[in-house]
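In what follows, a single structure is set out as structure tokens and then discussed.
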Amino acid sequence: MSTSEFKSKNHKNTVNLAIWTFSWCITTAIATFGPILIWDSNVLSILGVIVCTLTGVGMLLANMRYLNGLDELQRKIHMEAMAWALGVAVVGGLSYALTDKIDLISHDADIAVVVVMISITYLIAVIAGSRRYK
């Protein structure tokens, strides 16, 4: 693969990941605020959580394609960061928090702080890895 083909594929994977990430953020917002502002239906709330979760799975698959398209060093940096942050916990953790937020479960589960910590950890790990392997 030539350098321009690699850059084009990398750009395509980056845009695809951005679209899935944006879609996941939107579906998370809809599933969170829909029951509060738009509807009063457990069926719609459950559907919102399912759509949010499935969109999150799509985002994770796009992330895997993105990672597989990177060169070996970039992939190593991101894989180490994901190991630290346990990125999969973001989607599962937020879906769990949504079920509490929209009263689908009877106990309290506020995982937002954990999600922020996972995200910050991932960011810091990518920056540290990039600096370490310069």
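Scheme for the structure tokens: letters A, B, ... for chains in order shown; per-chain residue numbers from 1; ligand numbers from 1 in order shown.
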
- Query: Which of region 12-124 of chain A counts as alpha helix (DSSP H) under DSSP, as a VMD selection string please?
  - Reply: chain A and resid 12 to 33 42 to 69 72 to 85 88 to 101 112 to 124

- Task: Please identify all polymer residues within 10 Å of region 36-49 of chain A, counting only C-alpha atoms, omitting same-chain residues fewer than 3 positions from it, and present them as a PyMOL selection string.
- Result: chain A and resi 27-33+52-55+94-96+98-99+101-104

- What gap, in Å, lies between CA of Thr121 (chain A) and CA of Glu72 (chain A)? 21.5 Å

- Note on the structure: Across A:Met59, A:Leu123, A:Val15, A:Val116, the smallest distance to Gly93 (chain A), with only C-alpha atoms counted, is shown by A:Val116

- Which residue of A:Leu70, A:Ala89, A:Ala128, A:Ala97 approaches Lys7 (chain A) most closely, using only C-alpha atoms: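 Using only C-alpha atoms, Lys7 (chain A) sits closest to A:Leu70.
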
- Suppose you want the space between CA of Asp71 (chain A) and CA of Thr3 (chain A); what is it in Å? 11.3 Å

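What separates CA of Lys76 (chain A) from CA of Tyr122 (chain A) is a distance of 13.2 Å.
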
- Task: Considering only C-alpha atoms, state which residue in the set A:Glu80, A:Gly129, A:Ile120, A:Asn16 is at the smallest distance from Tyr66 (chain A).
- Result: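 Closest to Tyr66 (chain A) of all the choices is A:Asn16.
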
- Message: Using only C-alpha atoms, can you tell me which of A:Trp24, A:Pro35, A:His78, A:Asp100 comes closest to Val57 (chain A)?
- Response: A:Trp24

- Message: List as a list in words the protein and nucleic acid residues near His11 (chain A), meaning an atom at most 12 Å away when only C-alpha atoms are counted, but skip any in the same chain fewer than 5 places from it.
- Response: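 Near His11 (chain A), the qualifying residues are Ser4, Glu5, Phe6, Asn16, Leu17, Ala18, Arg65, Tyr66, Gly69 and Leu70 of chain A.
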